[in-house]
Structure formats: C-alpha cells, structure tokens
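> My questions will all concern the structure given below.
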Amino acid sequence: MSVQRSSQVLASEQFARQDQLPAAVAACYEAIAIADRDPLAHVLLGHLMLAGDFYDEAIAASTQAIELDPDCAPAYLTLGLAYDRRGGMWDQSVLVWHELAEVAPDLVTAHVQLGEAFAAAAFEEESVDSWKRALELDPKEARAHYNLAIAALKREGMSTALPTFRVAGALDPSQDELFFALLGLPNDDSAIDLSFGKPERQARLISAGTLARSEDFFGATDVLRLMLDENPADADALAIAAYVYLKQEAAHEAMACALRALSFSPDLPTALYTLGVVYSRFPGLATHAARVFVALAKAAPYHSMTHVLLAESLLGLQRFGQAKRAYGAAVRLDPACVRARFGLAAVHLTEGSYAEAQWEMRRAAYYDTKRHGLFWRLYDEYVAGGAV
Amino acid sequence: MSSEEAARLYSAFVGQDPASAIQVIERVRSSGVAQDQLFDTLYVPALSLLAGAWASGEIDEITFTQASVVAEQIGSFVMPPVARADTGVTLVLGTMHRDRHSVMKDIVASALKESGYRVNDLGVDVRPADFLERLEETGSRIVLVFAETMATARAVTRVREMFASAGRDDAVILVAGGPFTADTALARSVGVNGVITGAESALRVLARIREDILGGDAS
C-alpha cells in the first residue's frame, strides 16, 4: 500500500530532485507545520540538511522520521550518513547501519557502510565480515573490494592490498569508459548513429568501438578485420583489437596488438591504455606499467582515470609520494572518483595519517551513495510500499 | 642482439615450438643481455611481429591464438625479476611496550621486506630487553621502534638506555609514530638517531643508513 503524500511534501520532493535546496527546505517546513507526524516530511528534511552539510539537523530530522516509522529505510540512510560525515559517532553509526541492514537485508550499501562504521570503530574482523556479506549480495560491489584492500593494507602491507585494488578497479565501469572516451565515443551513444556521414574508415572505427562497448566482440573483430585488410598498419584498429582481446582475457594477444599499434603511433592513448592494463597484470612488469601510464597521463591529462592508473602503478613500485600526487590530480579532475579517494586513503595510511585516510574514505562513501541515487531509490520504494 | 633473434622468436611462436623459443632466449642471454633487458629487447619486438602478421593476414586467428599461448608459456623466461635483490641488511622492528598499534608497523615492515631488507618483526607490546635480545641474535645494527601514544613514545628512551648498558652504542635506533611526527624534538630527547614518517620515508632513511653508516656492508 502506497504512502499518502501531502502537496507540500510533493513540492519539496520535486524541488529536492531538481537540487533546488532552499525551495525544497521551505516546502518541507511547511509540510511539517501542517502535519508534524509525517515521516516523509522529516526524512526529506534530513536528506536536505545532509545535502547542505548541516549534520546535527540531519540527525535530528532523520531520528524523528525513524521514531514516527521504524521501517522508514531512507531515514536510516540519511541518519547513518550524517553520523559518518559528522565524525566521532561511530557507535551510533554502527547501530544505524545495522538497523538498515535489518530493515533492508538485500541493500548492499547498508552492509558496506556497516563495515566502514565497524572499521572506524576498530572492529576489524566485523568490518571484513560485513564487506564479505556485501560481496555475497553483489560480487561486483567495488566499494566493498576497496575497503577489503584497505584492510589488507593495514594487516599485510601494499603488496597484498594492490591486487585487491586492481580487482576492484577491473569491476569499476569507469575504467572501460576511459577507453571509449579516449577513442572519442561519447558516454551514451545508444540512440545516435555516430558513424552516419563519416568517411568509411572513421565510420568503421566508431562501429568497432560501439560493438566493443556493447561487448559484441565477434562483431567488433569482423569490422576490425575489414579495416586491417585495407591497412594492416592502422594503429587505431590495432588498439581496439587489443582492447577486444583484453576483455576476453587474452592478455598476450592484447599485448601484441597494443605493441604493434604503438610501433606505428607511439603516443596513441587507446593503445597505451590497453598495454598499461596488460602490463599491470604481471608483477614483474610494474616498472613497464608505470612507464606506459606516465605516457598515457601525458597524452590524456584531462581524464581522472589516467592519473588513477598511473598512481596505482606507482603504488606497486612503492613510490607513495608520487602516487599521492597522481591521485591528487585525479581527485581535482573528478572529486567523485571513489577509486582515487580510496587510493589516496591507502597512501595516507602508508604515511601514518589515519585521520586523513578516514576522511578520504568518508568522502568516497558520500559520492558513491550520491552517484547511485540511493536515497531516492529507498524513498520511492518506501512511498510505493510503505516499507522496503 | 639483432632483430634477427626477435624474428627467430616470432617464428618459434608461430611454429608452436616452445623449445626453440627457449633456445633463442638462452642464446640471447648468453650473448650478454641481462635478464631485466630480455623482455624489451627480444620479447616485445617478437610480439609486435606476431601482431603484424595477424593484422596483415599472414597468419589466421587460430594461429595467432596458438602462437600467443606459446608466448605465454615462455613468458617467465623473459620477465624481469619480481623480487628486489637482497640488500643483506637486517633490521629489528616492533611497537613499544604497552602500545598495541600495529597498522603503521605492518605497512612499513611489508615495504622494507619487498625492498630486500631482512626484517625481524617483534610485533606489538615489545619490551626494551626484547629489542636488545633480538639485536644480539641477528647481528643487526638497526632497530625501528614504533610508538603511537605520548607515554610509549617517551618510554623509547629506555631502549636507548638498555642498549647503552649492554655496550651497544653502535646500534642505530629509529622511531616512528604520531608523537614523533608531531614533535620533532621528542626524538632527540629520547636519544634516537632518526625519525621515520611513513613507508617511503623508511625506505629513504634505510637506504641512506646503508650507504653512510654501514658502507654497503650487510649487517
């Protein structure tokens, strides 16, 4: 049964979804003035206060929403995030995330957040259990992998943590997106025929890239074959072929094609990307990977992920100061880059800067939940069903 | 090493002949090419030739894949060595008595081990006498003491006193931890030789000690 919403709540909701915070807050207070026992108005107010960095107010509003309806899942989310971001309230934070994990047991983020709250309170074993639970629900949950990497770093050092960072990175769709951005394909080309009106080679290149993105690797290979039959020295086609092989776990074919592409075009970003990713899979080639990613960061300096890849290769070489600078460049370009935030946290830990490491991980949590639109998902489910 | 050897390695790949591929590698190695150079001077050009043959249609998709399998099989013969060479330098480290902080210690210990140092990790809550005992056992001259609270940081002076009473004034005592990073005078007041501020700092300071104090000798 769906929850009834007052017109003030509806207005506040609409403003909030459009990021018009002052208008949304005003509508929210109006809703509370009319019906102060409406959990929706309080949870919305909590969300808005959190967005404005008013943590104490967010905590008060979210607590009120939970008191009015203990099944109000979005209120647990805002309350937990407010506790985490305010800092120094780890005991309350653990309780809230535990509650959310009970109210919404399939909510992966609840387990990830619970693990982070445990870790901040120095309950290492409980935190690892929570992240493992999150990975049972979703094996591709990158933040759980990053957290496990940080836990491994604390226990066994960088050589154990780095492979876990790379596993998380491989699951991160933004790494593949980097390849397509380097290729010149926009983020979402599903509705547009990019190859229309282009010269034949360019059209084929776009077509091969589009097929590779949709993971139609056989289709992509057919198009690339046509291109290479015409010109076996086509560096762009060879670079896409390298990527296609890489995605099929054929590392040596990928390495061969990327090296061939670079023999014709030494600064080709797509070939540098693939070669660097392949090299980083071999521990003995850590220096080679770093060299390739330095070239990639120079060739494509405006993509945050190129700096992240460089930073990770530098971590493998124990050049933590240089890695910190590369991660810093990535975060400046994209403050929401969760991978860079966790990488920075790792570097801070190697310097004994625990508070800074915690801060980076809290920022990562903030951007990650925001990027997934988790509040609105929980809110809509709550409105539709009364409870998750 | 000429490009002829790379061409021979390529032929061995295409001919699916790992034994011949290894022979080529051994021949090049015996000609004076170092292990960490084999990958760049031999393997990379051979792989490039392989992709070139596939791109031009000289070999088909299946041959390309089979040749790549051979390239993978013999990869370990050309890969640069993973572990860094043993420095021959032994050091003893641990967290001070009544201090159970281990994160920084574990990270630094791992970084040092990976860089070829022989690390004797005594764990947490280590008494000054245990540092001395292990120093004597291993013949090391370097001790790295971690302390994350003011009380345990000040107590590091007991390690110096213990070493002095045992006639081990030659030992190099380094410290690490928040109190020493925050107050640089603290390290001097407890009589230690230097402060480490993190894993990279540890590698830098140890490299300097190796050069300046130990003169490159293993001890």
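How things are named: the first chain in the structure tokens is A, the next is B, and so on; residues count from 1 in each chain; ligands count from 1 in the order shown.
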Pull out every residue of chain B sitting within 8 Å of chain A, counting only C-alpha atoms, and send them as a ChimeraX atom specification.
/B:44,47-52,55-57,64-65,68-69,71-72,79-82,103-104,106-111,114,177-178,197-200
> Please extract the residues of range 16-198 of chain B with a backbone DSSP assignment of alpha helix (DSSP H) and present them as a count of residues only.
94
> So which residues touch Ala26 in chain A within 12 Å, counting only C-alpha atoms, skipping near sequence neighbours fewer than 6 positions away, as a JSON list (two decimals) with N, CA and C atoms, in the first residue's frame?

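That gives us part.json:
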[["chain", "number", "residue", "atom", "x", "y", "z"],
["A", 8, "GLN", "N", 2.55, 19.62, 0.05],
["A", 8, "GLN", "CA", 3.81, 20.26, 0.46],
["A", 8, "GLN", "C", 4.97, 19.28, 0.33],
["A", 9, "VAL", "N", 4.70, 18.04, 0.74],
["A", 9, "VAL", "CA", 5.76, 17.01, 0.62],
["A", 9, "VAL", "C", 6.09, 16.79, -0.85],
["A", 11, "ALA", "N", 5.77, 18.91, -3.27],
["A", 11, "ALA", "CA", 6.52, 20.07, -3.78],
["A", 11, "ALA", "C", 7.96, 20.00, -3.33],
["A", 12, "SER", "N", 8.16, 19.68, -2.05],
["A", 12, "SER", "CA", 9.52, 19.60, -1.51],
["A", 12, "SER", "C", 10.33, 18.53, -2.26],
["A", 13, "GLU", "N", 9.67, 17.40, -2.49],
["A", 13, "GLU", "CA", 10.30, 16.29, -3.19],
["A", 13, "GLU", "C", 10.75, 16.71, -4.59],
["A", 15, "PHE", "N", 11.32, 19.79, -5.73],
["A", 15, "PHE", "CA", 12.44, 20.74, -5.65],
["A", 15, "PHE", "C", 13.75, 20.02, -5.31],
["A", 16, "ALA", "N", 13.64, 19.08, -4.38],
["A", 16, "ALA", "CA", 14.85, 18.37, -3.94],
["A", 16, "ALA", "C", 15.45, 17.57, -5.10],
["A", 20, "GLN", "N", 17.06, 22.07, -6.00],
["A", 20, "GLN", "CA", 16.71, 23.44, -5.56],
["A", 20, "GLN", "C", 16.51, 23.38, -4.04],
["A", 32, "ILE", "N", 5.80, 20.11, 7.56],
["A", 32, "ILE", "CA", 5.89, 19.74, 8.98],
["A", 32, "ILE", "C", 4.96, 20.60, 9.82],
["A", 33, "ALA", "N", 4.80, 21.89, 9.42],
["A", 33, "ALA", "CA", 3.90, 22.78, 10.16],
["A", 33, "ALA", "C", 2.46, 22.28, 10.08],
["A", 41, "ALA", "N", 7.97, 13.94, 5.53],
["A", 41, "ALA", "CA", 8.46, 15.32, 5.63],
["A", 41, "ALA", "C", 9.78, 15.35, 6.40],
["A", 44, "LEU", "N", 12.67, 13.76, 4.35],
["A", 44, "LEU", "CA", 13.09, 14.69, 3.30],
["A", 44, "LEU", "C", 13.95, 15.81, 3.90],
["A", 45, "LEU", "N", 13.50, 16.31, 5.05],
["A", 45, "LEU", "CA", 14.26, 17.37, 5.71],
["A", 45, "LEU", "C", 15.66, 16.86, 6.09],
["A", 48, "LEU", "N", 17.77, 16.80, 2.99],
["A", 48, "LEU", "CA", 18.13, 18.17, 2.56],
["A", 48, "LEU", "C", 19.19, 18.76, 3.48],
["A", 49, "MET", "N", 19.06, 18.51, 4.78],
["A", 49, "MET", "CA", 20.04, 19.04, 5.72],
["A", 49, "MET", "C", 21.41, 18.38, 5.49]]
> When you look at Pro301 in chain A with a cut-off of 12 Å (counting only C-alpha atoms), what residues show up, excluding the ones that are within fewer than 2 positions of it in the same chain? I need them as a list in words.
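Within the cut-off, the hits are Leu178, Leu182, Pro269, Phe293, Val294, Ala295, Leu296, Ala297, Lys298, Ala299, His303, Ser304, Met305, Thr306, His307, Val308, Leu309, Leu310, Ala326, Ala329, Ala330, Arg332 and Leu333 of chain A.
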> Applying 10 Å and only C-alpha atoms, which residues near Gly191 in chain B remain after dropping the ones on its own chain fewer than 4 positions away? List them as a ChimeraX atom specification.
/B:156-161,173-174,186-187
> Selection from above, N, CA and C atoms, as a PDB file, in the first residue's frame, can you write it?

ATOM      1  N   VAL B 156      60.602   5.281  24.858  1.00  0.00           N
ATOM      2  CA  VAL B 156      61.630   4.775  23.938  1.00  0.00           C
ATOM      3  C   VAL B 156      63.028   5.051  24.498  1.00  0.00           C
ATOM      4  N   THR B 157      63.123   6.053  25.368  1.00  0.00           N
ATOM      5  CA  THR B 157      64.417   6.354  25.991  1.00  0.00           C
ATOM      6  C   THR B 157      64.965   5.126  26.737  1.00  0.00           C
ATOM      7  N   ARG B 158      64.071   4.256  27.201  1.00  0.00           N
ATOM      8  CA  ARG B 158      64.501   3.033  27.901  1.00  0.00           C
ATOM      9  C   ARG B 158      65.205   2.069  26.956  1.00  0.00           C
ATOM     10  N   VAL B 159      64.833   2.117  25.689  1.00  0.00           N
ATOM     11  CA  VAL B 159      65.510   1.256  24.698  1.00  0.00           C
ATOM     12  C   VAL B 159      66.955   1.725  24.546  1.00  0.00           C
ATOM     13  N   ARG B 160      67.147   3.043  24.419  1.00  0.00           N
ATOM     14  CA  ARG B 160      68.495   3.599  24.293  1.00  0.00           C
ATOM     15  C   ARG B 160      69.332   3.266  25.535  1.00  0.00           C
ATOM     16  N   GLU B 161      68.715   3.414  26.709  1.00  0.00           N
ATOM     17  CA  GLU B 161      69.438   3.114  27.958  1.00  0.00           C
ATOM     18  C   GLU B 161      69.832   1.634  28.027  1.00  0.00           C
ATOM     19  N   ILE B 173      69.087   3.555  16.288  1.00  0.00           N
ATOM     20  CA  ILE B 173      67.680   3.445  16.708  1.00  0.00           C
ATOM     21  C   ILE B 173      66.857   4.482  15.943  1.00  0.00           C
ATOM     22  N   LEU B 174      65.863   3.985  15.240  1.00  0.00           N
ATOM     23  CA  LEU B 174      64.944   4.867  14.523  1.00  0.00           C
ATOM     24  C   LEU B 174      63.568   4.742  15.173  1.00  0.00           C
ATOM     25  N   LEU B 186      61.048  15.575  20.161  1.00  0.00           N
ATOM     26  CA  LEU B 186      60.835  14.409  21.019  1.00  0.00           C
ATOM     27  C   LEU B 186      61.850  13.307  20.731  1.00  0.00           C
ATOM     28  N   ALA B 187      62.131  13.080  19.450  1.00  0.00           N
ATOM     29  CA  ALA B 187      63.061  12.011  19.074  1.00  0.00           C
ATOM     30  C   ALA B 187      64.439  12.287  19.672  1.00  0.00           C
TER      31      ALA B 187
END
> What lies within 7 Å of Phe13 in chain B using only C-alpha atoms, ignoring chain neighbours under 4 positions off, as an MDAnalysis selection string?
chainID B and resid 9 17 21 67 70:71
> What does the structure give for the distance between CA of Ala101 in chain A and CA of Val167 in chain A, in Å to one decimal?
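Interatomic distance, CA of Ala101 in chain A to CA of Val167 in chain A: 25.3 Å.
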> Write out as a PyMOL selection string each polymer residue whose atoms come within 7 Å of Thr274 in chain A, counting only C-alpha atoms; drop sequence neighbours fewer than 3 positions from it.
chain A and resi 242-243+258+270-271+277-278
> Residues of the last selection are to be written out with C-alpha atoms, as an mmCIF file, in the first residue's frame.

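Just written: part-v6.cif:
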data_model
loop_
_atom_site.group_PDB
_atom_site.id
_atom_site.type_symbol
_atom_site.label_atom_id
_atom_site.label_comp_id
_atom_site.auth_asym_id
_atom_site.auth_seq_id
_atom_site.Cartn_x
_atom_site.Cartn_y
_atom_site.Cartn_z
ATOM 1 C CA ALA A 242 43.996 -5.084 -28.284
ATOM 2 C CA TYR A 243 41.091 -3.936 -26.091
ATOM 3 C CA ALA A 258 48.932 -2.823 -28.451
ATOM 4 C CA THR A 270 43.966 3.802 -26.610
ATOM 5 C CA ALA A 271 46.988 1.558 -27.214
ATOM 6 C CA VAL A 277 46.447 -2.506 -18.164
ATOM 7 C CA VAL A 278 48.021 -5.715 -19.526
#
> From a DSSP pass on the backbone, collect the residues of range 15-195 of chain B flagged as strand (DSSP E or B) and hand them back as a PyMOL selection string.
chain B and resi 90-96+118-121+126+142-146+172-176+194-195
> Please produce an output containing N, CA and C atoms for each residue in the selection, written as a CSV table (one decimal), in the first residue's frame.

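Contents of out_38.csv, as written:
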chain,number,residue,atom,x,y,z
B,90,THR,N,70.0,-6.4,7.8
B,90,THR,CA,69.0,-7.0,8.8
B,90,THR,C,68.5,-5.9,9.7
B,91,LEU,N,67.2,-5.8,10.0
B,91,LEU,CA,66.8,-4.8,11.0
B,91,LEU,C,65.7,-5.4,11.9
B,92,VAL,N,65.6,-4.9,13.1
B,92,VAL,CA,64.7,-5.4,14.0
B,92,VAL,C,63.6,-4.3,14.2
B,93,LEU,N,62.4,-4.7,14.2
B,93,LEU,CA,61.3,-3.6,14.5
B,93,LEU,C,60.2,-4.2,15.3
B,94,GLY,N,59.5,-3.2,15.9
B,94,GLY,CA,58.4,-3.6,16.8
B,94,GLY,C,57.7,-2.4,17.4
B,95,THR,N,56.6,-2.6,18.0
B,95,THR,CA,55.9,-1.5,18.7
B,95,THR,C,56.2,-1.6,20.2
B,96,MET,N,56.4,-0.4,20.7
B,96,MET,CA,56.9,-0.2,22.1
B,96,MET,C,56.0,-0.9,23.1
B,118,ARG,N,66.0,-7.6,5.4
B,118,ARG,CA,65.7,-8.7,6.2
B,118,ARG,C,65.1,-8.2,7.5
B,119,VAL,N,63.8,-8.3,7.6
B,119,VAL,CA,63.0,-7.7,8.7
B,119,VAL,C,62.7,-8.7,9.8
B,120,ASN,N,63.1,-8.4,11.0
B,120,ASN,CA,62.7,-9.2,12.2
B,120,ASN,C,61.6,-8.4,12.9
B,121,ASP,N,60.3,-8.8,12.7
B,121,ASP,CA,59.2,-8.1,13.3
B,121,ASP,C,58.8,-8.7,14.6
B,126,VAL,N,56.3,-4.6,22.8
B,126,VAL,CA,57.7,-5.2,22.9
B,126,VAL,C,58.5,-4.5,24.0
B,142,ILE,N,70.4,-2.2,13.3
B,142,ILE,CA,69.4,-1.2,13.2
B,142,ILE,C,68.1,-1.7,13.9
B,143,VAL,N,67.5,-0.7,14.7
B,143,VAL,CA,66.2,-1.0,15.3
B,143,VAL,C,65.2,0.0,15.0
B,144,LEU,N,64.0,-0.4,14.7
B,144,LEU,CA,63.0,0.6,14.4
B,144,LEU,C,61.9,0.4,15.4
B,145,VAL,N,61.6,1.4,16.2
B,145,VAL,CA,60.6,1.3,17.3
B,145,VAL,C,59.4,2.2,16.9
B,146,PHE,N,58.3,1.6,17.0
B,146,PHE,CA,57.0,2.3,16.8
B,146,PHE,C,56.3,2.7,18.1
B,172,VAL,N,71.8,1.7,15.6
B,172,VAL,CA,71.1,2.8,15.1
B,172,VAL,C,69.6,2.6,15.5
B,173,ILE,N,69.1,3.6,16.3
B,173,ILE,CA,67.7,3.4,16.7
B,173,ILE,C,66.9,4.5,15.9
B,174,LEU,N,65.9,4.0,15.2
B,174,LEU,CA,64.9,4.9,14.5
B,174,LEU,C,63.6,4.7,15.2
B,175,VAL,N,62.8,5.8,15.1
B,175,VAL,CA,61.5,5.8,15.7
B,175,VAL,C,60.4,6.2,14.7
B,176,ALA,N,59.2,5.8,14.9
B,176,ALA,CA,58.1,6.1,14.0
B,176,ALA,C,56.8,6.2,14.9
B,194,GLY,N,67.0,8.8,14.5
B,194,GLY,CA,66.2,9.4,13.4
B,194,GLY,C,64.8,9.1,13.5
B,195,VAL,N,64.0,9.8,12.7
B,195,VAL,CA,62.5,9.6,12.7
B,195,VAL,C,62.1,9.1,11.3
> Which distance in Å separates CA of Arg127 in chain B and CA of Lys113 in chain B, to one decimal?
23.0 Å
> What is the CA of Thr41 in chain B to CA of Phe77 in chain B distance in Å?
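CA of Thr41 in chain B sits 13.1 Å away from CA of Phe77 in chain B.
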> With distances taken over only C-alpha atoms, which residue among B:Ala164, B:Ala7, B:Ala207, B:Val14 lies nearest Ile62 in chain B?
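Of the candidates, the smallest distance to Ile62 in chain B is held by B:Val14.
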